[in-house]
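**Q** The following file, start.txt, comprises compact mmCIF, C-alpha atoms:
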# COMPACT_ATOMS: atom_id res chain seq x y z
CA MET A 2 15.67 7.44 10.69
CA GLY A 3 13.70 9.96 12.72
CA VAL A 4 9.95 10.53 12.55
CA VAL A 5 8.71 14.07 13.15
CA PRO A 6 5.24 15.64 13.51
CA VAL A 7 3.84 17.41 10.48
CA ASP A 8 4.06 20.87 12.09
CA SER A 9 7.85 20.55 12.28
CA ALA A 10 10.23 21.93 9.66
CA PRO A 11 10.25 19.89 6.42
CA PRO A 12 12.26 16.78 7.23
CA LYS A 13 15.67 16.00 5.78
CA TRP A 14 16.49 12.32 6.09
CA GLN A 15 13.37 12.08 8.23
CA LEU A 16 9.73 11.04 7.85
CA TYR A 17 6.57 12.85 8.75
CA ALA A 18 4.44 10.76 11.13
CA GLY A 19 1.69 9.23 8.99
CA MET A 20 3.70 8.85 5.79
CA PRO A 21 3.64 5.46 4.07
CA CYS A 22 6.94 3.87 5.00
CA TRP A 23 6.66 0.13 4.34
CA ILE A 24 4.56 -2.46 2.50
CA GLU A 25 4.12 -6.11 3.39
CA LEU A 26 2.59 -8.95 1.42
CA ILE A 27 0.71 -11.63 3.36
CA THR A 28 0.36 -14.72 1.19
CA PRO A 29 -0.53 -18.41 1.53
CA ASP A 30 2.12 -19.39 -1.04
CA LEU A 31 5.35 -17.54 -0.36
CA GLU A 32 7.42 -19.33 -3.00
CA ARG A 33 4.89 -18.66 -5.75
CA ALA A 34 4.58 -14.99 -4.75
CA CYS A 35 8.37 -14.54 -4.78
CA GLU A 36 8.65 -16.04 -8.24
CA PHE A 37 5.91 -13.75 -9.55
CA TYR A 38 7.35 -10.47 -8.26
CA THR A 39 10.84 -11.46 -9.37
CA ALA A 40 9.47 -12.05 -12.87
CA LEU A 41 7.82 -8.60 -12.85
CA PHE A 42 10.38 -6.47 -11.05
CA GLY A 43 13.56 -8.48 -10.54
CA TRP A 44 13.16 -8.46 -6.76
CA ARG A 45 15.70 -10.39 -4.68
CA TYR A 46 15.06 -11.62 -1.15
CA GLU A 47 16.78 -11.79 2.23
CA GLN A 48 15.36 -13.77 5.15
CA ARG A 49 14.91 -12.03 8.52
CA ARG A 50 13.31 -13.20 11.76
CA ALA A 51 11.01 -10.97 13.80
CA SER A 52 10.95 -10.82 17.60
CA ASP A 53 7.79 -12.96 17.65
CA GLY A 54 9.65 -15.78 15.86
CA SER A 55 7.99 -15.27 12.47
CA ASP A 56 10.10 -15.31 9.32
CA HIS A 57 9.98 -12.47 6.80
CA LEU A 58 11.51 -12.15 3.37
CA ILE A 59 12.81 -8.66 2.65
CA ALA A 60 12.48 -7.85 -1.04
CA THR A 61 15.20 -5.65 -2.48
CA HIS A 62 15.64 -3.86 -5.80
CA ASP A 63 19.05 -2.46 -6.74
CA ASP A 64 20.11 -3.48 -3.21
CA PHE A 65 17.50 -1.24 -1.51
CA PRO A 66 14.62 -2.71 0.55
CA VAL A 67 11.22 -2.27 -1.11
CA ALA A 68 8.83 -4.65 0.74
CA SER A 69 8.52 -7.66 3.01
CA LEU A 70 6.71 -10.91 2.26
CA ARG A 71 5.35 -13.28 4.86
CA ALA A 72 3.53 -16.59 4.72
CA ALA A 73 -0.03 -16.66 6.09
CA GLY A 74 -1.45 -19.66 7.89
CA GLU A 75 -4.83 -19.25 6.23
CA ASP A 76 -5.94 -18.86 2.63
CA VAL A 77 -5.61 -15.06 2.67
CA ALA A 78 -3.51 -12.86 0.40
CA GLY A 79 -3.14 -9.11 0.49
CA TRP A 80 -0.83 -6.13 0.71
CA ARG A 81 -0.52 -4.16 3.96
CA LEU A 82 0.46 -0.50 4.08
CA PHE A 83 2.50 0.72 7.06
CA LEU A 84 2.47 4.32 8.26
CA ALA A 85 5.37 5.96 10.07
CA THR A 86 5.32 6.75 13.77
CA GLY A 87 7.96 7.92 16.21
CA ASP A 88 6.63 5.63 18.95
CA CYS A 89 4.78 2.51 17.84
CA ARG A 90 3.39 1.53 21.24
CA THR A 91 2.12 5.01 22.06
CA ALA A 92 0.56 5.31 18.59
CA CYS A 93 -1.20 1.96 19.12
CA GLU A 94 -2.63 3.22 22.41
CA GLN A 95 -3.83 6.43 20.78
CA ALA A 96 -5.38 4.49 17.90
CA GLU A 97 -7.15 2.15 20.34
CA SER A 98 -8.55 5.12 22.26
CA ASN A 99 -10.00 6.34 18.94
CA GLY A 100 -11.72 3.01 18.23
CA ALA A 101 -9.06 0.91 16.50
CA THR A 102 -8.19 -2.69 17.41
CA VAL A 103 -4.62 -3.96 17.59
CA THR A 104 -4.55 -7.31 15.76
CA VAL A 105 -0.76 -7.85 15.76
CA PRO A 106 0.94 -6.22 18.78
CA PRO A 107 4.18 -4.28 18.39
CA GLY A 108 7.15 -6.48 17.51
CA HIS A 109 10.63 -5.86 16.17
CA LEU A 110 11.91 -6.82 12.72
CA SER A 111 15.67 -6.49 12.33
CA GLY A 112 16.73 -3.74 9.95
CA ILE A 113 13.18 -2.41 9.64
CA GLY A 114 11.92 -1.41 13.07
CA THR A 115 9.05 -1.95 15.50
CA LYS A 116 5.78 -2.61 13.73
CA ALA A 117 2.18 -3.41 14.60
CA VAL A 118 -1.02 -4.18 12.67
CA LEU A 119 -4.38 -2.64 13.53
CA THR A 120 -7.95 -2.46 12.25
CA ASP A 121 -9.50 1.00 12.24
CA PRO A 122 -13.16 1.72 13.18
CA SER A 123 -14.21 1.48 9.52
CA GLY A 124 -12.83 -2.06 9.25
CA VAL A 125 -9.63 -1.21 7.38
CA GLU A 126 -6.42 -3.03 8.30
CA PHE A 127 -3.26 -0.93 8.43
CA GLY A 128 0.20 -1.05 9.93
CA LEU A 129 2.31 1.25 12.09
CA LEU A 130 6.09 1.26 11.83
CA GLU A 131 8.64 2.92 14.11
CA PRO A 132 11.68 2.71 11.81
CA GLU A 133 15.13 1.78 12.99
CA ASP A 134 17.89 4.38 12.58
CA SER A 135 19.29 2.19 9.79
CA TRP A 136 15.89 1.91 8.05
CA GLN A 137 15.84 2.26 4.27
CA PHE A 138 12.82 2.03 1.96
CA ASP A 139 12.96 2.88 -1.73
CA VAL A 140 9.82 4.60 -3.07
CA GLY A 141 8.78 6.51 -6.17
CA LEU A 142 10.90 4.42 -8.55
CA PRO A 143 10.29 1.44 -10.85
CA ALA A 144 9.64 -1.73 -8.81
CA THR A 145 8.81 0.27 -5.68
CA LEU A 146 5.76 1.81 -3.99
CA MET A 147 4.44 4.79 -5.95
CA TRP A 148 1.00 5.49 -4.44
CA ALA A 149 -1.69 3.94 -2.23
CA GLU A 150 -5.47 4.19 -2.05
CA LEU A 151 -7.81 3.16 0.74
CA LEU A 152 -11.15 1.80 -0.55
CA THR A 153 -13.90 1.73 2.06
CA ILE A 154 -17.67 2.05 2.40
CA LYS A 155 -17.31 3.98 5.68
CA ALA A 156 -15.43 6.92 4.20
CA GLN A 157 -16.35 9.47 6.85
CA THR A 158 -15.33 7.13 9.67
CA ALA A 159 -11.96 6.45 8.00
CA ASP A 160 -11.41 10.15 7.32
CA LEU A 161 -12.04 11.15 10.92
CA PHE A 162 -9.92 8.35 12.37
CA PHE A 163 -6.82 8.81 10.23
CA GLN A 164 -7.00 12.60 10.22
CA GLU A 165 -7.19 12.66 14.01
CA LEU A 166 -4.37 10.11 14.36
CA PHE A 167 -1.95 11.81 11.94
CA GLY A 168 -3.30 15.29 11.21
CA TYR A 169 -3.96 14.71 7.51
CA THR A 170 -5.70 17.41 5.54
CA ALA A 171 -7.83 16.38 2.56
CA THR A 172 -8.97 17.55 -0.85
CA GLN A 173 -12.01 15.99 -2.53
CA PHE A 174 -12.07 15.03 -6.20
CA GLY A 175 -14.79 13.57 -8.38
CA THR A 176 -14.25 10.83 -10.94
CA GLU A 177 -16.05 9.61 -14.00
CA ASN A 178 -17.63 6.70 -12.13
CA GLN A 179 -18.82 9.06 -9.36
CA LEU A 180 -16.60 7.62 -6.67
CA ASP A 181 -15.78 10.01 -3.84
CA TYR A 182 -11.99 10.38 -4.15
CA SER A 183 -10.14 12.22 -1.37
CA VAL A 184 -6.40 12.92 -1.41
CA TRP A 185 -4.74 13.12 2.02
CA TYR A 186 -1.87 15.53 2.67
CA LEU A 187 0.82 16.07 5.27
CA GLY A 188 1.83 19.70 4.95
CA GLU A 189 2.09 20.36 1.23
CA GLU A 190 2.82 16.75 0.34
CA SER A 191 0.14 14.36 -0.93
CA VAL A 192 0.67 10.99 0.73
CA MET A 193 -2.25 8.72 -0.27
CA ALA A 194 -5.93 8.72 -1.23
CA ARG A 195 -9.21 7.43 0.13
CA VAL A 196 -11.95 6.13 -2.19
CA SER A 197 -15.54 5.84 -0.95
CA MET A 198 -17.25 2.73 -2.29
CA LEU A 199 -20.86 3.20 -3.37
CA ARG A 200 -23.36 1.14 -1.37
CA ASP A 201 -25.37 0.25 -4.47
CA HIS A 202 -22.39 -1.61 -5.91
CA ILE A 203 -21.27 -3.73 -2.95
CA ASN A 204 -22.37 -7.06 -1.51
CA GLY A 205 -21.90 -8.91 1.76
CA GLU A 206 -18.48 -10.20 0.70
CA THR A 207 -17.03 -6.78 -0.18
CA GLU A 208 -14.21 -5.82 2.17
CA PRO A 209 -12.41 -2.50 2.65
CA HIS A 210 -8.85 -2.69 1.43
CA TRP A 211 -5.71 -0.85 0.37
CA LEU A 212 -4.68 -0.75 -3.26
CA ILE A 213 -0.94 -0.21 -3.56
CA TYR A 214 0.64 1.04 -6.78
CA LEU A 215 4.01 -0.35 -7.83
CA GLY A 216 6.15 1.51 -10.34
CA VAL A 217 6.79 0.32 -13.88
CA ASP A 218 10.06 0.84 -15.73
CA SER A 219 9.29 3.34 -18.50
CA ASN A 220 11.59 1.39 -20.84
CA ILE A 221 9.28 -1.61 -20.45
CA GLY A 222 5.91 0.09 -19.99
CA THR A 223 2.68 -0.94 -18.30
CA ASP A 224 1.31 -2.97 -21.21
CA GLU A 225 4.39 -5.17 -21.47
CA THR A 226 4.54 -5.56 -17.67
CA VAL A 227 0.92 -6.76 -17.73
CA ARG A 228 1.84 -9.31 -20.40
CA ARG A 229 4.69 -10.52 -18.19
CA ALA A 230 2.30 -10.75 -15.24
CA ILE A 231 -0.10 -12.91 -17.25
CA ALA A 232 2.79 -15.15 -18.34
CA ALA A 233 3.70 -15.51 -14.64
CA HIS A 234 0.08 -16.56 -13.85
CA GLY A 235 -1.19 -13.21 -12.60
CA ARG A 236 -4.74 -12.06 -13.34
CA VAL A 237 -5.84 -8.75 -14.86
CA ARG A 238 -8.62 -6.88 -13.03
CA ALA A 239 -8.35 -3.64 -14.99
CA ASN A 240 -6.76 -3.45 -18.44
CA PRO A 241 -4.05 -0.80 -18.97
CA TYR A 242 -5.48 2.73 -19.14
CA ASP A 243 -4.25 6.32 -18.97
CA SER A 244 -4.79 8.53 -15.91
CA SER A 245 -3.39 11.60 -14.22
CA LEU A 246 -0.99 9.31 -12.30
CA GLY A 247 0.30 7.57 -15.41
CA ARG A 248 -0.54 4.49 -17.47
CA MET A 249 -2.07 2.06 -15.02
CA ALA A 250 -3.45 -1.45 -14.66
CA VAL A 251 -4.90 -3.41 -11.73
CA LEU A 252 -3.89 -7.05 -11.19
CA ARG A 253 -3.99 -9.95 -8.80
CA ASP A 254 -0.85 -11.98 -8.21
CA PRO A 255 -1.07 -15.80 -8.47
CA THR A 256 -1.83 -16.09 -4.74
CA GLY A 257 -4.76 -13.63 -4.93
CA ALA A 258 -3.27 -10.34 -3.68
CA ARG A 259 -4.50 -7.29 -5.60
CA PHE A 260 -2.18 -4.45 -6.58
CA ALA A 261 -1.81 -1.82 -9.30
CA LEU A 262 0.91 -0.93 -11.78
CA VAL A 263 1.71 2.63 -12.83
CA ASP A 264 4.16 4.09 -15.31
CA ALA A 265 4.49 7.65 -14.03
CA SER A 266 6.33 8.76 -17.17
CA GLU A 267 2.99 8.43 -18.99
CA ALA A 268 1.08 10.75 -16.62
CA SER A 269 -1.64 12.80 -18.30
CA ARG A 270 -3.93 15.61 -17.28
CA GLY A 271 -6.99 13.45 -17.59
CA HIS A 272 -8.33 10.82 -15.19
CA GLY A 273 -9.47 7.80 -17.16
CA ILE A 274 -11.36 4.76 -15.90
CA PRO A 275 -11.13 1.45 -17.83
CA GLY A 276 -14.33 -0.16 -18.97
CA ASN A 277 -13.69 -3.40 -17.05
CA TYR A 278 -12.70 -1.76 -13.75
CA ASP A 279 -14.64 -2.99 -10.72
CA PRO A 280 -13.18 -1.68 -7.43
CA TYR A 281 -15.58 -3.84 -5.40
CA GLU A 282 -14.72 -7.23 -6.85
CA ASP A 283 -13.12 -9.51 -4.27
Before anything else, please render the file you have as structure tokens.
**A**
Amino acid sequence: MGVVPVDSAPPKWQLYAGMPCWIELITPDLERACEFYTALFGWRYEQRRASDGSDHLIATHDDFPVASLRAAGEDVAGWRLFLATGDCRTACEQAESNGATVTVPPGHLSGIGTKAVLTDPSGVEFGLLEPEDSWQFDVGLPATLMWAELLTIKAQTADLFFQELFGYTATQFGTENQLDYSVWYLGEESVMARVSMLRDHINGETEPHWLIYLGVDSNIGTDETVRRAIAAHGRVRANPYDSSLGRMAVLRDPTGARFALVDASEASRGHGIPGNYDPYED
């Protein structure tokens, strides 16, 4: 799998540098997390060992890789978003020169590629992945990554950093709760969004974070998937609601990791916000 700059011809069987290309769950209870996502999406798992000796579980759906899961030594749970690069080590150096900190140095994961974890100048953790030639990652389907949003108080800092690193362009949108919502593009393709958190609504414990959206089977629907999540000991942070992306809900898995559900078949022209939605709650 090749990674090309955005000013190249539209890629065929290739990725633009900066496109989301992998997601990884860090969790203090790997067994419980696996049971939960299997109950929701039917994920199956294969064990792989990284070059640093750490064990990863590769989640698959219909035999295609969709995510990795890894046990954390501390009581921390969260989803990481990885962005594509043609040279992981060089991209880390460039990111560091622009104010980022490498927290997990580049290492190889068999079948996936060379990956690293960084923290950008606004305090947001993100990953870089240089995919292997054999890399596969299903997206845009039920049980896979559909969309991602970066929520941060330092929106301008995040915008400048990521746009300089990957050449994103941006379009600003307003929402009913007055959040500053910016969609980032590579060429003509929208790749993710950045949400600016309002200072009046945060406290000392509020952390910047990614919210990943996982697809819902339209034959099951978001509401029924939420009921299954509750039965599997997940927690609802935002009740199902309709939006321009589809019928959505925001949850936490039983280990504490937040994520969203979206049924894209129910996409509407409006952009609704549920009454119990609190993007700052940690």
**Q** I'd like the interatomic distance between CA of Ala72 in chain A and CA of Val118 in chain A, to a tenth of an Å.
**A**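 So the answer is 15.4 Å.
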**Q** Could you give me, as a PyMOL selection string, the residues within 6 Å of Gly108 in chain A, counting all atoms listed in the file and dropping anything in the same chain fewer than 4 positions from it?
**A** chain A and resi 52+115-116
**Q** So how far away is CA of Thr170 in chain A from CA of Ser135 in chain A, in Å?
**A**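 Separating CA of Ser135 in chain A from CA of Thr170 in chain A is a distance of 29.6 Å.
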**Q** Can you work out which one of A:Arg259, A:His57, A:Arg253, A:Arg81 has the shortest atom-to-atom distance to Leu110 in chain A, counting only C-alpha atoms?
**A** A:His57
**Q** Which residue out of A:Leu166, A:Ile27, A:Leu152, A:Ala233 has the minimum interatomic distance to Cys93 in chain A when all atoms listed in the file are used?
**A** A:Leu166
**Q** Smallest atom-to-atom distance to Pro122 in chain A: which of A:Gly74, A:Gly235, A:Gly54, A:Gly100, using all atoms listed in the file?
**A**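 Ranking A:Gly74, A:Gly235, A:Gly54, A:Gly100 by distance to Pro122 in chain A, first place goes to A:Gly100.
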**Q** I want to know what sits within 7 Å of Leu84 in chain A, based on all atoms listed in the file, with residues of the same chain fewer than 5 positions away left out; could you give that as number ranges by chain?
**A** A: 19-22, 128-130
**Q** For range 184-192 of chain A, please output as JSON, numbers by chain all residues within 12 Å (counting all atoms listed in the file; exclusion window: fewer than 2 positions along the same chain).
**A** {"A": [5, 6, 7, 8, 9, 10, 11, 12, 16, 17, 18, 19, 20, 21, 22, 82, 84, 85, 140, 141, 146, 147, 148, 149, 150, 151, 159, 160, 161, 163, 164, 167, 168, 169, 170, 171, 172, 173, 174, 175, 181, 182, 194, 195, 196, 197]}
**Q** With 12 Å as the threshold, what does the neighbourhood of (4.7, -16.3, -2.8) contain in terms of residues, counting only C-alpha atoms? Coordinates are those of the file; answer as a ChimeraX atom specification.
**A** /A:25-40,46,57-58,60,69-73,77-79,233-235,254-258
**Q** Suppose you want the space between CA of Ala250 in chain A and CA of Gly222 in chain A; what is it in Å?
**A**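 Calculated distance between CA of Ala250 in chain A and CA of Gly222 in chain A is 10.9 Å.
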**Q** Would you place a box with edges along x, y and z of the file around all atoms of range 158-177 of chain A listed there, add 3 Å to each of its six sides, and report the centre and edge lengths in Å to one decimal, as JSON?
**A**
{"center_x": -9.0, "center_y": 12.0, "center_z": 0.2, "size_x": 20.1, "size_y": 17.1, "size_z": 34.4}
**Q** In terms of the shortest atom-to-atom distance over all atoms listed in the file, which of A:Pro132, A:Arg228, A:Pro143, A:Glu126 is closest to Glu208 in chain A?
**A**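 Smallest distance to Glu208 in chain A is found for A:Glu126.
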